[in-house]
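Here's the structure we're looking at; comments come further down.
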There are 2 protein chains.
Amino acid sequence: MARGPQFQPVQPVRAYQRIVEQVEDALARGDLAPGQRLPSERELVAQFEVSRSTVREALRVLESNGVVRSRPGDPNGPELLPFSQSGLRKQMVRLARVDELTLAELIGFRMIMDGAAIQVASRLRTPEQLAEMEETLVAMRAAIDVDFAAFSEADLAFHDVIARISRNSLIQTCNEVVRGVVLSLISDKIAHAPNSRALMQESLQHHAEVVDAIRAGDGHAAARIARQNMYDYYAGYVPDPEQETLRALIDD
Amino acid sequence: MARGPQFQPVQPVRAYQRIVEQVEDALARGDLAPGQRLPSERELVAQFEVSRSTVREALRVLESNGVVRSRPGDPNGPELLPFSQSGLRKQMVRLARVDELTLAELIGFRMIMDGAAIQVASRLRTPEQLAEMEETLVAMRAAIDVDFAAFSEADLAFHDVIARISRNSLIQTCNEVVRGVVLSLISDKIAHAPNSRALMQESLQHHAEVVDAIRAGDGHAAARIARQNMYDYYAGYVPDPEQETLRALIDD
DNA sequence: CAGCTGTGACTGGTCTGACCAGTGGACTAG
DNA sequence: CTAGTCCACTGGTCAGACCAGTCACAGCTG
């Protein structure tokens, strides 16, 4: 069993892929920057010396990856977009939809992420950021009198602040994405629950306790309360056997 | 300020986008499954009643998202792929390349996720699964004498077992993806470090301690050791100011 | 002079039709 | 039943065309 050179499977490189690579490389090198424009399709045809179909396929790929945006009629050509996490978000949504994640997995994930973020935040937060958190609490209280959508939005703002304080945008993105998926699965049930107002009030109460713990600098307690809150909030929609797995996440 | 109906900005929907949507929806609904084949491009032209350019642009988008793969000459048509992490990875790498994600964020994310998974695993693990973990330790020890790549692979197997025990495939996937991204960023430096062998040995030692703690049922300690290990392993590659943020993650 | 408007060059979106190299299943010869 | 040949069909690429829409600008209006 002589161990020869490690050959790689070779697949043909399509013309449009090379265009994509060239654009992305130029972007990574800084030769192109977000906000700038790409030449028009017909101009690219001339520069790359390929047909318009090929150029367009490359542009479609770039567009789907959130690198550029083409608008018909724009004389300035396709726009190079600022880097955003929307592509990452799209992929995660796909993961959630295709991989048949259970609600329990999604909620468990959030319990972990949100708990961790809160724990870190309670250590790193400045007084100003604490005040910011308290403002979002006020907004949540006001939103209860509007409707569930408003409350949900205010809740999102709260978690946003937390994630920002924890200085980890990856946590923030993952949290937002998973939160969105969870809500898309069960927001109807929650909104139409007869006791939805009571649920919101309880959730607000829990959030306030979290902030109290953060103010006291007890990240441990803050995280635990947050996980408990999430469990109380969502566990009812999870099948019994999986509830136990979730309960294992509450304590630490 | 009458609050009328909430209008949304309307952007034209391209024909190829609708094709992408239809395919993805069919996939999400289960009407299409990975492994199956899509009709040939010319057949799709007939079904969607659009031109081949449009069909092809849709296929390029799907291909770039990791949904299908087209091979020239294949009479069976484009293949529907199982979900893979490559899309997620690609997006993260993209963000990491332009500093939208820092190494510290990626590592912090792993510390949290891996720690949480280990904590849950120490509660849910069966004796058989504990044995499985110990096997991966043996494999890691053996791999030290081969090279860094082998060690890295064995390390991956360890974390795989952990994630599986924690019964949360979302954690598992995220962990693997981020791990891959981190390695792609710094594996060179680690592999060529003069003390790479010592690093591997130390890492193995830490892993063994984690397993010990899991065996003892002390998930708390296990998670802490795991985070400490990850910090020791990677912190050297992180700029000083961000190291502090990471240290905040170690304790709980 | 400022402001509005009409116009036209040009954009991206889509379509048609064509050619090529390569694939793989069916068919054939052994 | 196997080994080899062949060809229908595939995806990749190209060329050229039309359309609706956009934006910059020239020219008109006040």
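Just remember, in the structure tokens the first chain shown is A, the second B, etc., residues are 1-based per chain, and ligands are 1-based in the order shown.
Superposing chain B on chain A by least squares over every C-alpha atom, paired in sequence order, leaves a C-alpha RMSD of 1.5 Å.
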Could you please tell me, as a compact mmCIF listing (two decimals) with N, CA and C atoms, in the first residue's frame, which residues of chain A have an atom within 10 Å of chain D when using only C-alpha atoms (C1' of nucleotides)?
# COMPACT_ATOMS: atom_id res chain seq x y z
N ARG A 14 -16.02 25.86 -14.77
CA ARG A 14 -16.84 26.55 -15.76
C ARG A 14 -16.38 27.99 -15.90
N ALA A 15 -16.68 28.52 -17.04
CA ALA A 15 -16.26 29.90 -17.34
C ALA A 15 -16.87 30.86 -16.32
N TYR A 16 -18.15 30.66 -16.02
CA TYR A 16 -18.80 31.62 -15.13
C TYR A 16 -18.19 31.56 -13.74
N VAL A 50 -16.24 36.60 -22.97
CA VAL A 50 -17.18 35.49 -22.98
C VAL A 50 -18.53 36.03 -23.45
N SER A 51 -19.50 35.16 -23.56
CA SER A 51 -20.81 35.61 -24.01
C SER A 51 -21.60 36.21 -22.85
N ARG A 52 -22.67 36.85 -23.18
CA ARG A 52 -23.45 37.49 -22.12
C ARG A 52 -24.08 36.45 -21.22
N SER A 53 -24.50 35.32 -21.77
CA SER A 53 -25.08 34.27 -20.92
C SER A 53 -24.11 33.93 -19.79
N THR A 54 -22.86 33.77 -20.16
CA THR A 54 -21.86 33.39 -19.16
C THR A 54 -21.70 34.48 -18.11
N ARG A 71 -29.87 46.04 -10.98
CA ARG A 71 -31.20 46.61 -11.18
C ARG A 71 -31.34 46.98 -12.64
N PRO A 72 -32.44 46.58 -13.23
CA PRO A 72 -32.62 46.87 -14.66
C PRO A 72 -32.63 48.37 -14.91
N GLY A 73 -31.95 48.75 -15.95
CA GLY A 73 -31.98 50.14 -16.35
C GLY A 73 -30.95 51.03 -15.69
N ASP A 74 -30.29 50.54 -14.68
CA ASP A 74 -29.32 51.36 -13.96
C ASP A 74 -28.08 51.56 -14.83
N PRO A 75 -27.83 52.77 -15.27
CA PRO A 75 -26.71 53.01 -16.17
C PRO A 75 -25.35 52.83 -15.49
N ASN A 76 -25.35 52.74 -14.17
CA ASN A 76 -24.08 52.61 -13.48
C ASN A 76 -23.61 51.17 -13.37
Produce a table with one row for each residue of stretch 90-150 of chain B that has an atom at most 9 Å from any atom of stretch 169-178 of chain B, each row naming the nearest atom pair and its distance in Å at one decimal; use only C-alpha atoms; arrange rows by chain and rising residue number; format as a tab-separated table.
residue	atom	partner	partner_atom	distance
B:Met92	CA	B:Val178	CA	7.8
B:Leu106	CA	B:Val178	CA	6.4
B:Ile107	CA	B:Val178	CA	8.0
B:Phe109	CA	B:Val178	CA	7.9
B:Arg110	CA	B:Asn175	CA	6.3
B:Met113	CA	B:Ile171	CA	6.6
B:Asp114	CA	B:Asn175	CA	7.0
B:Ala117	CA	B:Ile171	CA	7.4
Would you return as a PyMOL selection string the members of stretch 2-171 of chain B that DSSP assigns to alpha helix (DSSP H) on this structure's backbone? chain B and resi 15-29+41-48+52-64+86-97+103-124+127-144+148-165+169-171
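Residues from chain C found within 7 Å of chain A are C:DC10, C:DT11, C:DG12, counting only C-alpha atoms (C1' of nucleotides).
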Atoms kept (N, CA and C atoms (P, O5', C5', C4', C3', O3' and C1' of nucleotides)) for selection, written as a PDB file, in the first residue's frame:
ATOM      1  P    DC C  10     -25.105  54.922 -25.865  1.00  0.00           P
ATOM      2  O5'  DC C  10     -25.568  53.971 -24.670  1.00  0.00           O
ATOM      3  C5'  DC C  10     -25.555  54.481 -23.348  1.00  0.00           C
ATOM      4  C4'  DC C  10     -26.335  53.566 -22.451  1.00  0.00           C
ATOM      5  C3'  DC C  10     -26.002  52.072 -22.608  1.00  0.00           C
ATOM      6  O3'  DC C  10     -25.412  51.607 -21.392  1.00  0.00           O
ATOM      7  C1'  DC C  10     -28.333  52.449 -22.380  1.00  0.00           C
ATOM      8  P    DT C  11     -24.918  50.089 -21.216  1.00  0.00           P
ATOM      9  O5'  DT C  11     -25.862  49.514 -20.091  1.00  0.00           O
ATOM     10  C5'  DT C  11     -26.135  50.279 -18.929  1.00  0.00           C
ATOM     11  C4'  DT C  11     -27.323  49.683 -18.222  1.00  0.00           C
ATOM     12  C3'  DT C  11     -27.310  48.174 -18.169  1.00  0.00           C
ATOM     13  O3'  DT C  11     -26.782  47.735 -16.926  1.00  0.00           O
ATOM     14  C1'  DT C  11     -29.474  49.019 -18.834  1.00  0.00           C
ATOM     15  P    DG C  12     -26.288  46.223 -16.800  1.00  0.00           P
ATOM     16  O5'  DG C  12     -27.652  45.449 -16.502  1.00  0.00           O
ATOM     17  C5'  DG C  12     -28.327  45.700 -15.276  1.00  0.00           C
ATOM     18  C4'  DG C  12     -29.732  45.152 -15.359  1.00  0.00           C
ATOM     19  C3'  DG C  12     -29.829  43.622 -15.329  1.00  0.00           C
ATOM     20  O3'  DG C  12     -30.970  43.267 -14.575  1.00  0.00           O
ATOM     21  C1'  DG C  12     -30.819  44.417 -17.292  1.00  0.00           C
TER      22       DG C  12
END
Interface rows for chain B against chain A: nearest pair, Å to one decimal, 9 Å, only C-alpha atoms, as CSV:
residue,atom,partner,partner_atom,distance
B:Glu24,CA,A:Arg94,CA,8.9
B:Leu27,CA,A:Val98,CA,7.3
B:Ala28,CA,A:Val98,CA,5.7
B:Arg29,CA,A:Val98,CA,8.9
B:Gly30,CA,A:Val98,CA,8.9
B:Ser53,CA,A:Ser53,CA,7.0
B:Arg56,CA,A:Glu57,CA,7.6
B:Glu57,CA,A:Glu57,CA,5.4
B:Ala58,CA,A:Arg60,CA,8.1
B:Arg60,CA,A:Val61,CA,6.3
B:Val61,CA,A:Val61,CA,5.3
B:Leu62,CA,A:Val61,CA,8.7
B:Glu63,CA,A:Val61,CA,8.6
B:Ser64,CA,A:Val61,CA,6.2
B:Asn65,CA,A:Gln91,CA,7.8
B:Pro82,CA,A:Val98,CA,8.8
B:Phe83,CA,A:Val98,CA,6.9
B:Ser84,CA,A:Leu95,CA,8.4
B:Gln85,CA,A:Leu95,CA,8.4
B:Gly87,CA,A:Gln91,CA,6.4
B:Leu88,CA,A:Gln91,CA,5.6
B:Arg89,CA,A:Leu88,CA,8.6
B:Lys90,CA,A:Leu88,CA,8.6
B:Gln91,CA,A:Leu88,CA,5.4
B:Met92,CA,A:Leu88,CA,6.7
B:Arg94,CA,A:Phe83,CA,8.7
B:Leu95,CA,A:Phe83,CA,7.1
B:Arg97,CA,A:Ala28,CA,6.9
B:Val98,CA,A:Ala28,CA,6.6
B:Glu100,CA,A:Phe83,CA,7.3
B:Leu101,CA,A:Leu170,CA,7.3
B:Thr102,CA,A:Asn168,CA,8.8
B:Ala104,CA,A:Asn168,CA,8.4
B:Glu105,CA,A:Asn168,CA,5.3
B:Leu106,CA,A:Leu170,CA,7.2
B:Gly108,CA,A:Asn168,CA,7.7
B:Phe109,CA,A:Ile171,CA,6.7
B:Ile112,CA,A:Ala116,CA,6.6
B:Met113,CA,A:Ile112,CA,7.5
B:Ala116,CA,A:Ile112,CA,6.7
B:Gln119,CA,A:Asp252,CA,7.7
B:Val120,CA,A:Leu249,CA,6.6
B:Arg123,CA,A:Ala248,CA,7.4
B:Leu124,CA,A:Thr245,CA,8.2
B:Ser166,CA,A:Thr245,CA,8.6
B:Arg167,CA,A:Glu105,CA,7.8
B:Asn168,CA,A:Glu105,CA,5.4
B:Ser169,CA,A:Glu105,CA,7.3
B:Leu170,CA,A:Glu105,CA,6.6
B:Ile171,CA,A:Phe109,CA,6.7
B:Gly219,CA,A:Asp252,CA,7.8
B:His220,CA,A:Asp252,CA,6.3
B:Thr245,CA,A:Arg167,CA,7.9
B:Ala248,CA,A:Val120,CA,6.5
B:Leu249,CA,A:Val120,CA,6.5
B:Asp252,CA,A:His220,CA,6.3
Residues of stretch 14-240 of chain A in strand (DSSP E), written as a ChimeraX atom specification: /A:68-69,79-80
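Look at A:Lys189: the protein and nucleic acid residues within 12 Å of it, using only C-alpha atoms (C1' of nucleotides) and passing over chain neighbours fewer than 4 places away, are Phe148, Val182, Leu183, Ser184, Leu185, Ala193, Pro194, Asn195, Ser196, Tyr233, Tyr234, Gly236 and Tyr237 of chain A.
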